[in-house]
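Have a look at structure22.txt; it's compact mmCIF, C-alpha atoms:
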# COMPACT_ATOMS: atom_id res chain seq x y z
CA MET H 1 -32.32 -41.05 -27.15
CA ALA H 2 -28.64 -40.95 -28.07
CA ARG H 3 -28.28 -37.65 -26.27
CA LYS H 4 -29.80 -39.17 -23.12
CA THR H 5 -27.45 -42.15 -23.36
CA LYS H 6 -24.44 -39.84 -23.55
CA ALA H 7 -25.72 -37.85 -20.59
CA ASP H 8 -26.22 -41.04 -18.60
CA ALA H 9 -22.68 -42.16 -19.43
CA LEU H 10 -21.26 -38.85 -18.24
CA LYS H 11 -23.30 -39.08 -15.06
CA THR H 12 -22.03 -42.61 -14.44
CA ARG H 13 -18.45 -41.53 -15.07
CA GLN H 14 -18.75 -38.65 -12.59
CA HIS H 15 -20.33 -40.94 -10.01
CA LEU H 16 -17.40 -43.33 -10.27
CA LEU H 17 -14.95 -40.45 -9.83
CA ASP H 18 -16.88 -39.16 -6.81
CA VAL H 19 -16.90 -42.58 -5.16
CA ALA H 20 -13.21 -43.12 -5.92
CA ILE H 21 -12.28 -39.79 -4.31
CA THR H 22 -14.12 -40.71 -1.11
CA LEU H 23 -12.55 -44.18 -0.94
CA PHE H 24 -9.06 -42.94 -1.79
CA ALA H 25 -9.30 -40.29 0.94
CA LYS H 26 -10.65 -42.72 3.53
CA ASN H 27 -8.76 -45.94 2.79
CA GLY H 28 -5.75 -44.90 0.70
CA VAL H 29 -5.10 -45.08 -3.02
CA SER H 30 -2.88 -48.17 -3.01
CA THR H 31 -5.28 -50.27 -0.91
CA THR H 32 -8.45 -49.28 -2.80
CA THR H 33 -9.19 -51.55 -5.73
CA LEU H 34 -11.39 -51.04 -8.76
CA ALA H 35 -13.63 -53.74 -7.30
CA ASP H 36 -13.99 -51.66 -4.12
CA ILE H 37 -14.98 -48.64 -6.18
CA ALA H 38 -17.45 -50.66 -8.23
CA ASP H 39 -19.07 -52.13 -5.10
CA ALA H 40 -19.35 -48.74 -3.40
CA ALA H 41 -20.81 -47.24 -6.58
CA GLY H 42 -23.32 -50.07 -6.95
CA MET H 43 -21.86 -51.11 -10.30
CA THR H 44 -19.88 -53.91 -11.87
CA ARG H 45 -16.18 -53.76 -12.64
CA GLY H 46 -17.17 -53.85 -16.28
CA ALA H 47 -18.85 -50.49 -15.84
CA ILE H 48 -15.59 -49.05 -14.54
CA TYR H 49 -13.57 -50.51 -17.41
CA TRP H 50 -16.00 -48.95 -19.84
CA HIS H 51 -14.82 -45.55 -18.62
CA PHE H 52 -11.30 -46.20 -17.25
CA ASP H 53 -8.78 -48.78 -18.38
CA SER H 54 -6.96 -48.81 -15.03
CA LYS H 55 -6.90 -47.36 -11.54
CA VAL H 56 -4.09 -45.05 -12.66
CA SER H 57 -6.21 -43.56 -15.45
CA LEU H 58 -9.07 -43.07 -12.99
CA PHE H 59 -6.72 -41.45 -10.46
CA ASN H 60 -5.28 -39.08 -13.07
CA GLU H 61 -8.72 -38.12 -14.33
CA ILE H 62 -9.69 -37.05 -10.81
CA TRP H 63 -7.05 -34.34 -11.04
CA ASN H 64 -7.67 -33.53 -14.71
CA ILE H 65 -11.13 -32.27 -13.86
CA GLN H 66 -10.12 -30.12 -10.88
CA SER H 67 -9.70 -26.38 -11.19
CA CYS H 68 -6.97 -24.57 -9.27
CA ILE H 69 -8.58 -23.59 -5.96
CA ALA H 70 -6.83 -20.22 -5.69
CA LEU H 71 -7.71 -19.31 -9.29
CA GLU H 72 -11.37 -20.11 -8.67
CA ILE H 73 -11.29 -18.02 -5.49
CA ARG H 74 -9.83 -15.07 -7.39
CA ARG H 75 -12.59 -15.34 -9.98
CA LYS H 76 -15.20 -15.34 -7.21
CA LEU H 77 -13.61 -12.24 -5.71
CA LYS H 78 -14.04 -10.62 -9.14
CA ILE H 79 -10.81 -8.64 -8.91
CA GLN H 80 -9.08 -8.45 -12.28
CA ASN H 81 -6.66 -5.52 -11.94
CA PRO H 82 -6.10 -4.95 -8.22
CA ASP H 83 -4.58 -1.74 -6.88
CA ASN H 84 -3.08 -3.64 -3.96
CA ASP H 85 -1.64 -7.02 -4.95
CA LEU H 86 -0.61 -7.82 -1.39
CA LYS H 87 -4.18 -7.33 -0.21
CA LEU H 88 -5.36 -9.53 -3.08
CA LEU H 89 -2.86 -12.23 -2.10
CA ARG H 90 -4.07 -12.07 1.50
CA GLU H 91 -7.74 -12.33 0.49
CA ILE H 92 -7.11 -15.22 -1.91
CA ILE H 93 -5.26 -17.27 0.70
CA ILE H 94 -7.80 -16.54 3.44
CA GLU H 95 -10.75 -17.48 1.22
CA THR H 96 -8.90 -20.57 -0.01
CA LEU H 97 -8.33 -21.80 3.55
CA LYS H 98 -11.96 -21.10 4.45
CA PHE H 99 -13.16 -22.94 1.37
CA ILE H 100 -10.97 -25.94 2.17
CA SER H 101 -12.25 -26.01 5.74
CA THR H 102 -15.94 -26.10 4.77
CA ASP H 103 -16.07 -28.11 1.54
CA ARG H 104 -16.07 -31.88 2.01
CA ARG H 105 -14.79 -32.62 -1.48
CA GLN H 106 -11.80 -30.29 -1.12
CA HIS H 107 -11.04 -31.91 2.23
CA GLU H 108 -11.03 -35.34 0.58
CA LEU H 109 -8.84 -34.21 -2.32
CA LEU H 110 -6.24 -32.69 -0.01
CA GLN H 111 -6.36 -35.77 2.19
CA ILE H 112 -5.42 -37.83 -0.87
CA LEU H 113 -2.70 -35.40 -1.90
CA TYR H 114 -1.02 -35.17 1.48
CA HIS H 115 -1.84 -38.32 3.42
CA THR H 116 -3.29 -41.29 1.57
CA CYS H 117 -1.38 -41.61 -1.70
CA GLU H 118 1.94 -43.23 -2.56
CA PHE H 119 2.85 -41.66 -5.88
CA ASN H 120 4.46 -43.98 -8.42
CA GLY H 121 4.50 -45.14 -12.01
CA GLU H 122 2.28 -43.28 -14.45
CA MET H 123 0.30 -41.49 -11.75
CA TYR H 124 0.54 -37.72 -11.74
CA SER H 125 3.27 -36.73 -9.30
CA GLU H 126 2.56 -34.79 -6.13
CA ARG H 127 4.32 -31.79 -7.69
CA GLU H 128 2.14 -31.92 -10.82
CA ILE H 129 -1.03 -32.11 -8.74
CA ARG H 130 0.03 -29.24 -6.50
CA GLU H 131 0.71 -27.04 -9.54
CA ARG H 132 -2.56 -27.99 -11.19
CA TYR H 133 -4.86 -27.86 -8.20
CA TRP H 134 -3.45 -26.27 -5.08
CA PHE H 135 -0.37 -24.08 -5.38
CA ASN H 136 0.77 -22.68 -8.72
CA ARG H 137 4.27 -21.19 -8.61
CA GLU H 138 3.91 -19.06 -11.73
CA ARG H 139 0.79 -17.29 -10.52
CA MET H 140 2.37 -16.76 -7.11
CA LYS H 141 5.53 -15.42 -8.76
CA LYS H 142 3.52 -12.88 -10.73
CA LEU H 143 1.71 -11.64 -7.62
CA LEU H 144 4.93 -11.33 -5.62
CA ARG H 145 6.67 -9.41 -8.41
CA ASN H 146 3.72 -7.05 -8.60
CA CYS H 147 4.00 -6.54 -4.84
CA ILE H 148 7.70 -5.72 -5.20
CA SER H 149 7.09 -3.25 -8.04
CA LYS H 150 4.51 -1.42 -5.90
CA GLY H 151 6.71 -1.32 -2.81
CA GLN H 152 4.45 -3.64 -0.83
CA ILE H 153 7.23 -6.12 -0.03
CA PRO H 154 11.00 -5.45 0.05
CA VAL H 155 12.67 -4.85 -3.30
CA ASN H 156 15.44 -7.33 -2.44
CA THR H 157 12.98 -10.18 -1.87
CA ASN H 158 14.20 -13.47 -3.32
CA VAL H 159 11.04 -14.43 -5.16
CA GLU H 160 11.86 -18.09 -5.80
CA LEU H 161 12.89 -18.68 -2.20
CA THR H 162 9.85 -16.80 -0.92
CA ILE H 163 7.52 -18.97 -3.00
CA THR H 164 9.10 -22.10 -1.53
CA ILE H 165 8.71 -20.69 1.99
CA VAL H 166 5.08 -19.68 1.38
CA HIS H 167 4.27 -23.11 -0.02
CA GLY H 168 5.95 -24.84 2.90
CA TYR H 169 4.08 -22.65 5.37
CA LEU H 170 0.65 -23.22 3.83
CA SER H 171 1.22 -26.92 3.15
CA GLY H 172 2.29 -27.41 6.74
CA ILE H 173 -0.82 -25.65 8.03
CA VAL H 174 -3.13 -27.71 5.81
CA LYS H 175 -1.39 -31.05 6.44
CA ASN H 176 -1.50 -30.59 10.19
CA TRP H 177 -5.10 -29.41 10.10
CA LEU H 178 -6.06 -32.53 8.13
CA MET H 179 -4.40 -34.73 10.75
CA GLN H 180 -5.63 -32.86 13.83
CA PRO H 181 -8.50 -30.49 12.96
CA GLU H 182 -9.33 -30.14 16.64
CA ASN H 183 -6.10 -28.14 17.10
CA LEU H 184 -7.00 -25.43 14.59
CA ASN H 185 -10.31 -23.87 13.61
CA LEU H 186 -9.14 -23.25 10.07
CA TYR H 187 -12.20 -21.26 9.07
CA GLU H 188 -12.15 -18.91 12.05
CA GLN H 189 -8.37 -18.62 12.29
CA ALA H 190 -7.60 -18.30 8.58
CA PRO H 191 -7.05 -14.51 8.83
CA ASP H 192 -4.60 -14.96 11.73
CA VAL H 193 -2.74 -17.71 9.85
CA VAL H 194 -2.43 -15.53 6.75
CA ASP H 195 -1.57 -12.33 8.60
CA SER H 196 1.40 -14.11 10.19
CA LEU H 197 2.56 -15.01 6.69
CA ILE H 198 2.01 -11.49 5.36
CA ALA H 199 3.98 -10.05 8.30
CA MET H 200 6.91 -12.19 7.29
CA LEU H 201 6.66 -11.08 3.65
CA THR H 202 6.46 -7.37 4.46
CA LYS H 203 9.23 -7.24 7.05
CA SER H 204 11.43 -4.23 6.34
CA ALA H 205 9.28 -3.17 3.40

structure tokens encoding of this file:
Amino acid sequence: MARKTKADALKTRQHLLDVAITLFAKNGVSTTTLADIADAAGMTRGAIYWHFDSKVSLFNEIWNIQSCIALEIRRKLKIQNPDNDLKLLREIIIETLKFISTDRRQHELLQILYHTCEFNGEMYSEREIRERYWFNRERMKKLLRNCISKGQIPVNTNVELTITIVHGYLSGIVKNWLMQPENLNLYEQAPDVVDSLIAMLTKSA
């Protein structure tokens, strides 16, 4: 019986997180209250406070339980020691964009990250969330350095600057797609989007 009670509590907690994600994406984090989340979840505010002592703790937990998208994609590709790191980078980004374009939950999470959240106080910062969930600089740095060592991108590539440019490029694509999805078929055009990026990285290689 105790085991069932614990399972029920975990199920309730996840349901609250799921509802909060949808409301945060649709209505904004600052304007969504715990009462709104409780109503949408079909629960009392007391049920929320049993699991989360504030909206900030609930917001932070949303990101605590997310895996890095690109890392999950790499695991699905099942490539551990690639011969061609540039090809691996290309495949990871393409599959990431396709995944984002077809998965409703990822769409909602990115909508929160880029459009419906005013970061403040004890909330995780936008930078922390990006590193945790969407774009990890250290993993990107390792891939780019491997590409340089194998002659796949120019040896004089400024890795730190390139990472910033890559992040800006991809963030811009995703942010604009979220605002106006009718202007870009992200799933179908992901290879073209990424090949334009790869062409920039390999120039003069």

* To do: Find the distance between atom CA of H:Arg139 and atom CA of H:Phe99 and write it in Å to one decimal.
  => 19.2 Å

* **Between atom CA of H:Val29 and atom CA of H:Thr116 - distance in Å to one decimal** =>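 We find that atom CA of H:Thr116 and atom CA of H:Val29 lie 6.2 Å from each other.
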
* Select, counting all atoms listed in the file, all protein, DNA and RNA residues no farther than 8 Å from (-0.4, -11.0, -2.2) in file coordinates, and express the selection as an NGL selection string. => :H and (85-92 or 143-144 or 147 or 198)

* Select all residues near (13.1, -13.2, -4.7) (cut-off 12 Å, inclusive, file coordinates), counting all atoms listed in the file, and output them as JSON, numbers by chain. => {"H": [140, 141, 142, 143, 144, 145, 146, 147, 148, 153, 154, 155, 156, 157, 158, 159, 160, 161, 162, 163, 164, 165, 166, 201]}

* Asked: Which neighbours of H:Glu72 fall inside 12 Å, counting all atoms listed in the file, when residues of the same chain fewer than 4 positions from it are skipped, and could you give them as an MDAnalysis selection string?
  -> chainID H and resid 66:68 76:79 92:93 95:96 99 133:134

* To one decimal in Å, tell me the separation between atom CA of H:His107 and atom CA of H:Ser125. => 19.0 Å

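Within the 10 Å cut-off around H:Asn64, using all atoms listed in the file and omitting residues fewer than 3 positions from it on the same chain, the listed residues are Leu58, Phe59, Asn60, Glu61, Ser67, Tyr124, Ile129, Arg132 and Tyr133 of chain H.
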
* Asked: Any idea what's packed within 9 Å of H:Leu170, counting only C-alpha atoms, ignoring anything in its chain fewer than 3 positions away? Could you give it as a ChimeraX atom specification?
  -> /H:93,165-167,173-175,193-194,197

* Would you kindly return, as a ChimeraX atom specification, each protein, DNA or RNA residue with an atom no farther than 10 Å from any atom of H:Lys26, considering all atoms listed in the file and excluding same-chain residues fewer than 5 positions away? => /H:20-21,32,108,111-112,115-116

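Using only C-alpha atoms, the shortest contact distance between H:Trp177 and any of H:Glu118, H:Ser54, H:Ser101, H:Asp192 is found at H:Ser101.
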
* **Exercise: H:Met123 partners within 7 Å, all atoms listed in the file, chain neighbours under 3 positions left out, as a list in words** => Val56, Asn60, Phe119 and Asn120 of chain H

* Asked: Pick from H:Ala38, H:Leu97, H:Met200, H:Met43: nearest to H:Leu186, with all atoms listed in the file counted?
  ->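 So, comparing all the options, the nearest one is H:Leu97.
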
* Taking into account only C-alpha atoms, which residue in the set H:Ala70, H:Leu34, H:Ile94, H:Ile62 is nearest to H:Leu17? ->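 Under the stated criterion, the closest residue is H:Ile62.
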
* **Nearest to H:Ala190 by atom-to-atom distance, counting all atoms listed in the file, from H:Leu110, H:Ile100, H:Leu23, H:Leu178** =>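 Among the listed residues, the smallest separation from H:Ala190 belongs to H:Ile100.
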